[in-house]
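S.K.: My structure is stored as work-v3.csv, with CSV, N, CA and C atoms.
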chain,number,residue,atom,x,y,z
A,1,MET,N,-18.4,12.0,-51.0
A,1,MET,CA,-18.0,11.7,-49.7
A,1,MET,C,-17.8,13.0,-48.9
A,2,GLY,N,-18.3,13.0,-47.6
A,2,GLY,CA,-18.3,14.2,-46.8
A,2,GLY,C,-16.9,14.5,-46.2
A,3,ALA,N,-16.8,15.7,-45.7
A,3,ALA,CA,-15.5,16.1,-45.1
A,3,ALA,C,-15.3,15.2,-43.8
A,4,VAL,N,-14.0,14.9,-43.6
A,4,VAL,CA,-13.6,14.1,-42.4
A,4,VAL,C,-13.3,15.1,-41.3
A,5,ASP,N,-13.9,14.9,-40.1
A,5,ASP,CA,-13.6,15.8,-39.0
A,5,ASP,C,-12.3,15.4,-38.4
A,6,LYS,N,-11.3,16.3,-38.5
A,6,LYS,CA,-9.9,16.0,-37.9
A,6,LYS,C,-9.7,16.8,-36.6
A,7,SER,N,-10.8,17.1,-36.0
A,7,SER,CA,-10.6,17.9,-34.7
A,7,SER,C,-10.2,17.0,-33.6
A,8,VAL,N,-9.1,17.4,-32.9
A,8,VAL,CA,-8.7,16.6,-31.7
A,8,VAL,C,-9.6,17.0,-30.6
A,9,ARG,N,-10.0,16.0,-29.8
A,9,ARG,CA,-10.9,16.2,-28.7
A,9,ARG,C,-10.1,15.9,-27.4
A,10,VAL,N,-10.4,16.7,-26.4
A,10,VAL,CA,-9.9,16.5,-25.0
A,10,VAL,C,-11.1,16.4,-24.1
A,11,VAL,N,-11.3,15.2,-23.5
A,11,VAL,CA,-12.5,15.0,-22.6
A,11,VAL,C,-12.0,14.8,-21.2
A,12,PRO,N,-12.2,15.8,-20.3
A,12,PRO,CA,-11.8,15.6,-18.9
A,12,PRO,C,-12.7,14.6,-18.2
A,13,LEU,N,-12.1,13.8,-17.3
A,13,LEU,CA,-12.8,12.8,-16.6
A,13,LEU,C,-14.0,13.4,-15.8
A,14,ASP,N,-13.8,14.6,-15.3
A,14,ASP,CA,-14.9,15.1,-14.5
A,14,ASP,C,-16.1,15.6,-15.3
A,15,GLU,N,-16.0,15.5,-16.6
A,15,GLU,CA,-17.1,15.9,-17.5
A,15,GLU,C,-17.9,14.7,-18.0
A,16,VAL,N,-17.6,13.5,-17.5
A,16,VAL,CA,-18.4,12.3,-17.9
A,16,VAL,C,-18.9,11.7,-16.6
A,17,GLU,N,-20.1,11.1,-16.7
A,17,GLU,CA,-20.8,10.6,-15.6
A,17,GLU,C,-20.1,9.3,-15.1
A,18,ALA,N,-19.9,9.2,-13.8
A,18,ALA,CA,-19.4,8.0,-13.2
A,18,ALA,C,-20.4,6.9,-13.2
A,19,ILE,N,-19.9,5.6,-13.4
A,19,ILE,CA,-20.8,4.5,-13.3
A,19,ILE,C,-20.5,3.8,-12.0
A,20,PRO,N,-21.4,3.8,-11.0
A,20,PRO,CA,-21.1,3.2,-9.7
A,20,PRO,C,-20.9,1.7,-9.8
A,21,LEU,N,-20.0,1.2,-9.0
A,21,LEU,CA,-19.7,-0.3,-8.9
A,21,LEU,C,-19.7,-0.6,-7.5
A,22,PRO,N,-19.6,-1.9,-7.1
A,22,PRO,CA,-19.6,-2.3,-5.7
A,22,PRO,C,-18.4,-1.7,-4.9
A,23,LYS,N,-18.6,-1.6,-3.6
A,23,LYS,CA,-17.5,-1.1,-2.7
A,23,LYS,C,-17.0,0.3,-3.0
A,24,ASP,N,-17.9,1.2,-3.5
A,24,ASP,CA,-17.6,2.5,-3.9
A,24,ASP,C,-16.6,2.6,-5.0
A,25,SER,N,-16.4,1.6,-5.8
A,25,SER,CA,-15.6,1.6,-7.0
A,25,SER,C,-16.4,2.3,-8.1
A,26,LYS,N,-15.7,2.8,-9.2
A,26,LYS,CA,-16.4,3.5,-10.2
A,26,LYS,C,-15.7,3.3,-11.6
A,27,SER,N,-16.4,3.4,-12.6
A,27,SER,CA,-15.9,3.4,-14.0
A,27,SER,C,-16.5,4.6,-14.7
A,28,TRP,N,-15.7,5.1,-15.7
A,28,TRP,CA,-16.2,6.2,-16.5
A,28,TRP,C,-15.9,5.8,-18.0
A,29,MET,N,-16.9,6.0,-18.8
A,29,MET,CA,-16.7,5.8,-20.3
A,29,MET,C,-16.3,7.2,-20.8
A,30,VAL,N,-15.0,7.4,-21.0
A,30,VAL,CA,-14.5,8.7,-21.3
A,30,VAL,C,-14.7,9.1,-22.7
A,31,LEU,N,-14.1,8.3,-23.6
A,31,LEU,CA,-14.2,8.5,-25.0
A,31,LEU,C,-15.2,7.6,-25.6
A,32,THR,N,-16.3,8.2,-26.2
A,32,THR,CA,-17.4,7.4,-26.8
A,32,THR,C,-17.9,8.1,-28.0
A,33,GLY,N,-18.9,7.5,-28.6
A,33,GLY,CA,-19.6,8.2,-29.7
A,33,GLY,C,-20.3,9.5,-29.3
A,34,THR,N,-20.6,9.6,-28.0
A,34,THR,CA,-21.2,10.8,-27.5
A,34,THR,C,-20.2,11.9,-27.3
A,35,THR,N,-19.1,11.6,-26.7
A,35,THR,CA,-18.1,12.6,-26.4
A,35,THR,C,-17.2,12.9,-27.6
A,36,VAL,N,-17.1,12.0,-28.5
A,36,VAL,CA,-16.3,12.1,-29.7
A,36,VAL,C,-17.2,11.6,-30.9
A,37,PRO,N,-18.1,12.5,-31.3
A,37,PRO,CA,-19.1,12.1,-32.4
A,37,PRO,C,-18.4,11.5,-33.6
A,38,GLY,N,-18.9,10.3,-34.0
A,38,GLY,CA,-18.3,9.7,-35.2
A,38,GLY,C,-17.3,8.6,-34.9
A,39,THR,N,-16.8,8.5,-33.7
A,39,THR,CA,-15.8,7.5,-33.4
A,39,THR,C,-16.5,6.1,-33.4
A,40,GLY,N,-15.7,5.1,-33.8
A,40,GLY,CA,-16.2,3.7,-33.7
A,40,GLY,C,-15.7,2.9,-32.6
A,41,ASN,N,-14.9,3.6,-31.7
A,41,ASN,CA,-14.3,3.0,-30.5
A,41,ASN,C,-14.6,3.7,-29.2
A,42,SER,N,-14.3,3.1,-28.1
A,42,SER,CA,-14.5,3.7,-26.8
A,42,SER,C,-13.4,3.4,-25.9
A,43,LEU,N,-13.2,4.3,-24.9
A,43,LEU,CA,-12.2,4.1,-23.9
A,43,LEU,C,-12.7,4.5,-22.6
A,44,GLY,N,-12.4,3.7,-21.6
A,44,GLY,CA,-12.9,3.9,-20.2
A,44,GLY,C,-11.8,3.9,-19.2
A,45,TYR,N,-12.1,4.3,-18.0
A,45,TYR,CA,-11.2,4.3,-16.9
A,45,TYR,C,-11.9,3.8,-15.7
A,46,SER,N,-11.3,2.9,-14.9
A,46,SER,CA,-11.9,2.4,-13.7
A,46,SER,C,-11.0,2.5,-12.5
A,47,ILE,N,-11.6,2.6,-11.3
A,47,ILE,CA,-11.0,2.5,-10.0
A,47,ILE,C,-11.7,1.5,-9.2
A,48,PHE,N,-11.1,0.4,-9.0
A,48,PHE,CA,-11.7,-0.7,-8.2
A,48,PHE,C,-11.1,-0.7,-6.8
A,49,LYS,N,-11.9,-0.5,-5.8
A,49,LYS,CA,-11.4,-0.4,-4.4
A,49,LYS,C,-11.1,-1.8,-3.8
A,50,PRO,N,-10.2,-1.9,-2.8
A,50,PRO,CA,-9.9,-3.2,-2.2
A,50,PRO,C,-11.2,-3.9,-1.8
A,51,GLY,N,-11.2,-5.2,-2.0
A,51,GLY,CA,-12.4,-6.0,-1.7
A,51,GLY,C,-13.5,-6.1,-2.7
A,52,THR,N,-13.3,-5.3,-3.8
A,52,THR,CA,-14.3,-5.3,-4.9
A,52,THR,C,-14.3,-6.6,-5.7
A,53,VAL,N,-15.5,-7.1,-6.0
A,53,VAL,CA,-15.7,-8.2,-6.9
A,53,VAL,C,-16.9,-7.7,-7.8
A,54,THR,N,-16.7,-7.6,-9.1
A,54,THR,CA,-17.7,-7.1,-9.9
A,54,THR,C,-18.6,-8.3,-10.4
A,55,THR,N,-19.8,-7.9,-10.9
A,55,THR,CA,-20.7,-8.9,-11.5
A,55,THR,C,-20.0,-9.5,-12.7
A,56,SER,N,-20.2,-10.8,-13.0
A,56,SER,CA,-19.6,-11.4,-14.1
A,56,SER,C,-20.3,-10.9,-15.4
A,57,VAL,N,-19.6,-10.5,-16.4
A,57,VAL,CA,-20.1,-10.0,-17.6
A,57,VAL,C,-19.5,-10.7,-18.9
A,58,SER,N,-20.2,-10.6,-20.0
A,58,SER,CA,-19.8,-11.1,-21.2
A,58,SER,C,-20.1,-10.0,-22.3
A,59,HIS,N,-19.1,-9.5,-23.0
A,59,HIS,CA,-19.3,-8.4,-23.9
A,59,HIS,C,-19.4,-9.0,-25.3
A,60,ALA,N,-20.1,-8.3,-26.2
A,60,ALA,CA,-20.3,-8.7,-27.6
A,60,ALA,C,-19.0,-8.5,-28.4
A,61,VAL,N,-18.1,-7.7,-27.9
A,61,VAL,CA,-16.8,-7.4,-28.6
A,61,VAL,C,-15.7,-7.6,-27.6
A,62,GLU,N,-14.5,-7.8,-28.2
A,62,GLU,CA,-13.3,-8.0,-27.3
A,62,GLU,C,-13.0,-6.8,-26.5
A,63,GLU,N,-12.4,-7.0,-25.3
A,63,GLU,CA,-12.0,-5.9,-24.5
A,63,GLU,C,-10.5,-5.9,-24.3
A,64,LEU,N,-9.9,-4.7,-24.4
A,64,LEU,CA,-8.5,-4.6,-24.1
A,64,LEU,C,-8.4,-3.7,-22.9
A,65,ALA,N,-7.5,-4.0,-21.9
A,65,ALA,CA,-7.3,-3.2,-20.7
A,65,ALA,C,-5.8,-3.1,-20.4
A,66,TYR,N,-5.5,-2.0,-19.6
A,66,TYR,CA,-4.1,-1.9,-19.2
A,66,TYR,C,-4.2,-1.5,-17.7
A,67,VAL,N,-3.5,-2.3,-16.8
A,67,VAL,CA,-3.6,-2.1,-15.4
A,67,VAL,C,-2.5,-1.1,-15.0
A,68,LEU,N,-2.9,0.1,-14.5
A,68,LEU,CA,-1.9,1.1,-14.1
A,68,LEU,C,-1.4,0.8,-12.7
A,69,SER,N,-2.2,0.3,-11.8
A,69,SER,CA,-1.8,0.0,-10.4
A,69,SER,C,-2.7,-1.0,-9.7
A,70,GLY,N,-2.2,-1.6,-8.7
A,70,GLY,CA,-3.0,-2.6,-7.9
A,70,GLY,C,-2.9,-4.0,-8.4
A,71,HIS,N,-3.4,-4.9,-7.6
A,71,HIS,CA,-3.4,-6.3,-7.9
A,71,HIS,C,-4.8,-6.9,-7.8
A,72,GLY,N,-5.0,-7.8,-8.8
A,72,GLY,CA,-6.3,-8.4,-8.8
A,72,GLY,C,-6.3,-9.7,-9.7
A,73,GLU,N,-7.5,-10.1,-10.0
A,73,GLU,CA,-7.6,-11.3,-10.9
A,73,GLU,C,-8.9,-11.1,-11.7
A,74,LEU,N,-8.9,-11.7,-12.9
A,74,LEU,CA,-10.1,-11.9,-13.7
A,74,LEU,C,-10.6,-13.3,-13.3
A,75,ARG,N,-11.8,-13.3,-12.9
A,75,ARG,CA,-12.5,-14.6,-12.5
A,75,ARG,C,-13.3,-15.0,-13.7
A,76,LEU,N,-12.9,-16.1,-14.3
A,76,LEU,CA,-13.5,-16.7,-15.5
A,76,LEU,C,-14.3,-17.9,-15.2
A,77,ASP,N,-15.2,-18.4,-16.1
A,77,ASP,CA,-15.9,-19.6,-15.8
A,77,ASP,C,-15.0,-20.8,-15.6
A,78,ASP,N,-13.8,-20.8,-16.2
A,78,ASP,CA,-12.9,-21.9,-16.2
A,78,ASP,C,-11.6,-21.7,-15.5
A,79,GLY,N,-11.6,-20.6,-14.6
A,79,GLY,CA,-10.3,-20.4,-13.9
A,79,GLY,C,-10.1,-18.9,-13.5
A,80,VAL,N,-8.9,-18.6,-13.1
A,80,VAL,CA,-8.6,-17.3,-12.6
A,80,VAL,C,-7.3,-16.8,-13.3
A,81,VAL,N,-7.3,-15.5,-13.7
A,81,VAL,CA,-6.1,-14.9,-14.3
A,81,VAL,C,-5.7,-13.8,-13.5
A,82,PRO,N,-4.6,-13.9,-12.7
A,82,PRO,CA,-4.1,-12.8,-11.9
A,82,PRO,C,-3.5,-11.7,-12.8
A,83,PHE,N,-3.5,-10.5,-12.2
A,83,PHE,CA,-2.9,-9.4,-12.9
A,83,PHE,C,-2.4,-8.4,-11.9
A,84,GLY,N,-1.5,-7.5,-12.4
A,84,GLY,CA,-0.9,-6.5,-11.5
A,84,GLY,C,-0.5,-5.3,-12.4
A,85,PRO,N,0.2,-4.3,-11.8
A,85,PRO,CA,0.5,-3.1,-12.5
A,85,PRO,C,1.4,-3.4,-13.8
A,86,ASN,N,1.2,-2.5,-14.7
A,86,ASN,CA,1.9,-2.6,-16.0
A,86,ASN,C,1.7,-3.8,-16.8
A,87,LYS,N,0.5,-4.3,-16.7
A,87,LYS,CA,0.1,-5.5,-17.5
A,87,LYS,C,-1.1,-5.2,-18.4
A,88,GLY,N,-1.0,-5.7,-19.6
A,88,GLY,CA,-2.2,-5.6,-20.5
A,88,GLY,C,-3.0,-6.8,-20.4
A,89,LEU,N,-4.3,-6.6,-20.6
A,89,LEU,CA,-5.3,-7.7,-20.5
A,89,LEU,C,-6.1,-7.8,-21.8
A,90,TYR,N,-6.2,-8.9,-22.4
A,90,TYR,CA,-7.0,-9.2,-23.6
A,90,TYR,C,-8.1,-10.1,-23.2
A,91,ILE,N,-9.4,-9.7,-23.4
A,91,ILE,CA,-10.5,-10.5,-23.0
A,91,ILE,C,-11.3,-10.7,-24.3
A,92,PRO,N,-11.3,-11.9,-24.9
A,92,PRO,CA,-12.1,-12.1,-26.1
A,92,PRO,C,-13.6,-11.9,-26.0
A,93,ALA,N,-14.2,-11.5,-27.1
A,93,ALA,CA,-15.7,-11.4,-27.1
A,93,ALA,C,-16.3,-12.6,-26.5
A,94,GLY,N,-17.4,-12.5,-25.7
A,94,GLY,CA,-18.1,-13.6,-25.3
A,94,GLY,C,-17.6,-14.4,-24.1
A,95,VAL,N,-16.4,-13.9,-23.5
A,95,VAL,CA,-15.8,-14.6,-22.4
A,95,VAL,C,-16.4,-14.0,-21.1
A,96,TRP,N,-17.0,-14.8,-20.3
A,96,TRP,CA,-17.5,-14.4,-19.0
A,96,TRP,C,-16.3,-14.0,-18.1
A,97,HIS,N,-16.4,-12.8,-17.4
A,97,HIS,CA,-15.3,-12.4,-16.5
A,97,HIS,C,-15.8,-11.4,-15.5
A,98,ALA,N,-15.2,-11.5,-14.3
A,98,ALA,CA,-15.4,-10.5,-13.3
A,98,ALA,C,-14.1,-10.1,-12.8
A,99,VAL,N,-14.0,-8.8,-12.3
A,99,VAL,CA,-12.8,-8.2,-11.8
A,99,VAL,C,-12.9,-8.4,-10.3
A,100,ALA,N,-11.8,-8.9,-9.7
A,100,ALA,CA,-11.7,-9.0,-8.2
A,100,ALA,C,-10.4,-8.4,-7.8
A,101,VAL,N,-10.5,-7.5,-6.8
A,101,VAL,CA,-9.3,-6.9,-6.3
A,101,VAL,C,-8.8,-7.8,-5.2
A,102,THR,N,-7.5,-8.2,-5.3
A,102,THR,CA,-6.9,-9.2,-4.3
A,102,THR,C,-5.9,-8.5,-3.4
A,103,GLY,N,-5.5,-7.3,-3.7
A,103,GLY,CA,-4.5,-6.6,-2.9
A,103,GLY,C,-5.2,-5.5,-2.0
A,104,ASP,N,-4.4,-4.8,-1.3
A,104,ASP,CA,-4.9,-3.8,-0.4
A,104,ASP,C,-4.8,-2.4,-0.9
A,105,GLU,N,-4.6,-2.2,-2.2
A,105,GLU,CA,-4.6,-0.9,-2.9
A,105,GLU,C,-5.6,-0.9,-4.0
A,106,ASP,N,-6.0,0.3,-4.5
A,106,ASP,CA,-7.0,0.4,-5.6
A,106,ASP,C,-6.3,-0.2,-6.8
A,107,VAL,N,-7.2,-0.9,-7.6
A,107,VAL,CA,-6.8,-1.3,-9.0
A,107,VAL,C,-7.3,-0.2,-9.9
A,108,ILE,N,-6.4,0.4,-10.6
A,108,ILE,CA,-6.7,1.4,-11.6
A,108,ILE,C,-6.3,0.9,-13.0
A,109,MET,N,-7.3,1.0,-13.9
A,109,MET,CA,-7.1,0.5,-15.2
A,109,MET,C,-7.8,1.3,-16.3
A,110,VAL,N,-7.3,1.3,-17.5
A,110,VAL,CA,-8.0,1.9,-18.6
A,110,VAL,C,-8.4,0.7,-19.5
A,111,PHE,N,-9.5,0.9,-20.2
A,111,PHE,CA,-10.0,-0.2,-21.1
A,111,PHE,C,-10.6,0.4,-22.3
A,112,THR,N,-10.6,-0.5,-23.3
A,112,THR,CA,-11.2,0.0,-24.6
A,112,THR,C,-11.9,-1.1,-25.3
A,113,PHE,N,-12.9,-0.7,-26.1
A,113,PHE,CA,-13.7,-1.6,-27.0
A,113,PHE,C,-13.7,-1.0,-28.4
A,114,ALA,N,-13.8,-1.9,-29.4
A,114,ALA,CA,-14.0,-1.5,-30.7
A,114,ALA,C,-15.5,-1.4,-31.0
A,115,TYR,N,-16.0,-0.4,-30.2
A,115,TYR,CA,-17.5,-0.2,-30.2
A,115,TYR,C,-17.6,1.3,-29.7
A,116,PRO,N,-18.6,2.1,-30.3
A,116,PRO,CA,-18.6,3.5,-29.9
A,116,PRO,C,-19.1,3.8,-28.5
A,117,ASP,N,-19.4,2.9,-27.7
A,117,ASP,CA,-19.9,3.1,-26.4
A,117,ASP,C,-19.6,1.8,-25.6
A,118,TYR,N,-20.1,1.7,-24.4
A,118,TYR,CA,-20.0,0.4,-23.7
A,118,TYR,C,-20.8,-0.6,-24.5
A,119,PRO,N,-20.2,-1.7,-24.9
A,119,PRO,CA,-20.8,-2.6,-25.9
A,119,PRO,C,-22.0,-3.4,-25.3
A,120,PRO,N,-22.8,-4.0,-26.1
A,120,PRO,CA,-23.8,-4.9,-25.6
A,120,PRO,C,-23.2,-5.9,-24.7
A,121,THR,N,-23.8,-6.1,-23.5
A,121,THR,CA,-23.2,-6.9,-22.5
A,121,THR,C,-24.3,-7.7,-21.8
A,122,GLU,N,-23.9,-9.0,-21.5
A,122,GLU,CA,-24.8,-9.8,-20.7
A,122,GLU,C,-24.2,-9.8,-19.3
A,123,ARG,N,-25.1,-10.0,-18.3
A,123,ARG,CA,-24.6,-10.1,-16.9
A,123,ARG,C,-25.2,-11.3,-16.2
A,124,LYS,N,-24.4,-11.9,-15.3
A,124,LYS,CA,-24.9,-13.1,-14.6
A,124,LYS,C,-25.5,-12.6,-13.3
Let's see the structure in the file written out as structure tokens.

M.R.:
Amino acid sequence: MGAVDKSVRVVPLDEVEAIPLPKDSKSWMVLTGTTVPGTGNSLGYSIFKPGTVTTSVSHAVEELAYVLSGHGELRLDDGVVPFGPNKGLYIPAGVWHAVAVTGDEDVIMVFTFAYPDYPPTERK
């Protein structure tokens, strides 16, 4: 068995490429198998501007998110789940969802996947 890399990594947000979203919103995949070689997980950061509604997506793995600020809702095929600051979100694998900002301030959240990058995802 090879040596385990126990090096701590610090990855500044400005060193990863932004992923453009509607209404000048953005996401960043900060910790991935590229920025932290060998990891099996990933962590991202998003800023959703007021009025943003993302495309509905379904991921191959579950998603965990934590809302730092702002108000919005997850729009599902069978309903709506409102969220606000200091709330954790659990989205099971295969659940279609879109993020919609319902307030007048940015929604800022961090999210993670048990996958070394943004996971395989379908879009509607």

S.K.: Could you give me, as a list of chain:residue names, the residues within 7 Å of Pro22 in chain A, counting all atoms listed in the file and dropping anything in the same chain fewer than 5 positions from it?

M.R.: A:Lys49, A:Gly51, A:Thr52, A:Val53, A:Thr54

S.K.: Residues at most 7 Å from Val57 in chain A, counting only N, CA and C atoms, excluding those fewer than 4 positions away in the same chain, as a list in words?

M.R.: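 The contact residues come out as Gly94, Val95, Trp96, His97, Ala98, Thr121, Glu122, Arg123 and Lys124 of chain A.
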
S.K.: Give me the residues of range 15-101 of chain A that have any atom at most 8 Å from an atom of range 105-119 of chain A; for each, the nearest atom pair and the distance in Å, rounded to one decimal. Use only C-alpha atoms, sort by chain and number, and format it as a tab-separated table.

M.R.:
residue	atom	partner	partner_atom	distance
A:Met29	CA	A:Tyr118	CA	7.2
A:Leu31	CA	A:Asp117	CA	8.0
A:Thr32	CA	A:Asp117	CA	5.0
A:Gly33	CA	A:Pro116	CA	4.8
A:Thr34	CA	A:Asp117	CA	7.9
A:Thr39	CA	A:Pro116	CA	6.0
A:Gly40	CA	A:Pro116	CA	4.5
A:Asn41	CA	A:Pro116	CA	4.4
A:Ser42	CA	A:Pro116	CA	5.1
A:Leu43	CA	A:Thr112	CA	4.3
A:Gly44	CA	A:Phe111	CA	5.1
A:Tyr45	CA	A:Val110	CA	4.3
A:Ser46	CA	A:Met109	CA	5.4
A:Ile47	CA	A:Ile108	CA	4.7
A:Phe48	CA	A:Val107	CA	5.0
A:Lys49	CA	A:Asp106	CA	4.6
A:Pro50	CA	A:Asp106	CA	5.7
A:His59	CA	A:Pro119	CA	6.3
A:Ala60	CA	A:Pro119	CA	6.4
A:Val61	CA	A:Phe113	CA	6.8
A:Glu62	CA	A:Phe113	CA	6.4
A:Glu63	CA	A:Phe113	CA	5.3
A:Leu64	CA	A:Thr112	CA	5.4
A:Ala65	CA	A:Phe111	CA	4.1
A:Tyr66	CA	A:Val110	CA	5.5
A:Val67	CA	A:Met109	CA	4.4
A:Leu68	CA	A:Met109	CA	5.3
A:Ser69	CA	A:Ile108	CA	5.2
A:Gly70	CA	A:Val107	CA	4.2
A:His71	CA	A:Val107	CA	6.1
A:Gly72	CA	A:Val107	CA	7.1
A:Val101	CA	A:Val107	CA	6.7

S.K.: Among chain A, which residues does DSSP mark as strand (DSSP E) when it is run on the backbone? Keep the chain and numbering as in the structure and answer as a ChimeraX atom specification.

M.R.: /A:18-20,26-31,42-48,57-59,63-69,72-76,79-83,87-91,97-101,107-113,121-123

S.K.: For CA of Ser25 in chain A and CA of Val99 in chain A, determine how far apart the two atoms are, in Å to one decimal place.

M.R.: 11.3 Å

S.K.: Grab the CA of Ala100 in chain A to CA of Ile19 in chain A distance for me, in Å with one decimal place.

M.R.: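 Between CA of Ala100 in chain A and CA of Ile19 in chain A the gap works out to 17.1 Å.
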
S.K.: Smallest atom-to-atom distance to Thr55 in chain A: which of A:Val16, A:Leu21, A:Tyr90, A:Val81, using only N, CA and C atoms?

M.R.: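 Using only N, CA and C atoms, the shortest distance to Thr55 in chain A belongs to A:Leu21.
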
S.K.: Between CA of Leu13 in chain A and CA of Asn86 in chain A, what distance in Å does the model show, to one decimal?

M.R.: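 About the pair CA of Leu13 in chain A and CA of Asn86 in chain A: they are 21.3 Å apart.
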
S.K.: Output: range 39-54 of chain A of the preceding structure, restricted to N, CA and C atoms, written as a PDB file, in the first residue's frame.

M.R.:
ATOM      1  N   THR A  39      -8.844  13.230  -3.635  1.00  0.00           N
ATOM      2  CA  THR A  39     -10.065  13.302  -2.841  1.00  0.00           C
ATOM      3  C   THR A  39     -11.214  12.607  -3.571  1.00  0.00           C
ATOM      4  N   GLY A  40     -12.133  12.071  -2.805  1.00  0.00           N
ATOM      5  CA  GLY A  40     -13.324  11.451  -3.377  1.00  0.00           C
ATOM      6  C   GLY A  40     -14.548  12.329  -3.246  1.00  0.00           C
ATOM      7  N   ASN A  41     -14.357  13.560  -2.737  1.00  0.00           N
ATOM      8  CA  ASN A  41     -15.477  14.476  -2.502  1.00  0.00           C
ATOM      9  C   ASN A  41     -15.205  15.812  -3.178  1.00  0.00           C
ATOM     10  N   SER A  42     -16.240  16.646  -3.222  1.00  0.00           N
ATOM     11  CA  SER A  42     -16.065  17.987  -3.771  1.00  0.00           C
ATOM     12  C   SER A  42     -16.884  18.973  -2.952  1.00  0.00           C
ATOM     13  N   LEU A  43     -16.449  20.235  -3.023  1.00  0.00           N
ATOM     14  CA  LEU A  43     -17.130  21.293  -2.300  1.00  0.00           C
ATOM     15  C   LEU A  43     -17.179  22.518  -3.196  1.00  0.00           C
ATOM     16  N   GLY A  44     -18.357  23.136  -3.256  1.00  0.00           N
ATOM     17  CA  GLY A  44     -18.534  24.314  -4.090  1.00  0.00           C
ATOM     18  C   GLY A  44     -19.133  25.473  -3.325  1.00  0.00           C
ATOM     19  N   TYR A  45     -19.147  26.617  -3.976  1.00  0.00           N
ATOM     20  CA  TYR A  45     -19.631  27.865  -3.399  1.00  0.00           C
ATOM     21  C   TYR A  45     -20.434  28.575  -4.481  1.00  0.00           C
ATOM     22  N   SER A  46     -21.618  29.074  -4.128  1.00  0.00           N
ATOM     23  CA  SER A  46     -22.472  29.749  -5.102  1.00  0.00           C
ATOM     24  C   SER A  46     -22.964  31.079  -4.579  1.00  0.00           C
ATOM     25  N   ILE A  47     -23.104  32.028  -5.497  1.00  0.00           N
ATOM     26  CA  ILE A  47     -23.775  33.298  -5.234  1.00  0.00           C
ATOM     27  C   ILE A  47     -24.868  33.427  -6.284  1.00  0.00           C
ATOM     28  N   PHE A  48     -26.112  33.391  -5.814  1.00  0.00           N
ATOM     29  CA  PHE A  48     -27.281  33.526  -6.685  1.00  0.00           C
ATOM     30  C   PHE A  48     -27.864  34.921  -6.494  1.00  0.00           C
ATOM     31  N   LYS A  49     -27.931  35.701  -7.555  1.00  0.00           N
ATOM     32  CA  LYS A  49     -28.441  37.073  -7.503  1.00  0.00           C
ATOM     33  C   LYS A  49     -29.970  37.081  -7.451  1.00  0.00           C
ATOM     34  N   PRO A  50     -30.565  38.143  -6.889  1.00  0.00           N
ATOM     35  CA  PRO A  50     -32.030  38.251  -6.863  1.00  0.00           C
ATOM     36  C   PRO A  50     -32.638  38.059  -8.259  1.00  0.00           C
ATOM     37  N   GLY A  51     -33.723  37.318  -8.296  1.00  0.00           N
ATOM     38  CA  GLY A  51     -34.403  37.034  -9.560  1.00  0.00           C
ATOM     39  C   GLY A  51     -33.885  35.811 -10.284  1.00  0.00           C
ATOM     40  N   THR A  52     -32.822  35.205  -9.796  1.00  0.00           N
ATOM     41  CA  THR A  52     -32.253  34.023 -10.452  1.00  0.00           C
ATOM     42  C   THR A  52     -33.156  32.810 -10.281  1.00  0.00           C
ATOM     43  N   VAL A  53     -33.325  32.071 -11.369  1.00  0.00           N
ATOM     44  CA  VAL A  53     -33.928  30.743 -11.343  1.00  0.00           C
ATOM     45  C   VAL A  53     -33.023  29.879 -12.215  1.00  0.00           C
ATOM     46  N   THR A  54     -32.433  28.848 -11.616  1.00  0.00           N
ATOM     47  CA  THR A  54     -31.524  27.992 -12.368  1.00  0.00           C
ATOM     48  C   THR A  54     -32.297  26.957 -13.181  1.00  0.00           C
TER      49      THR A  54
END
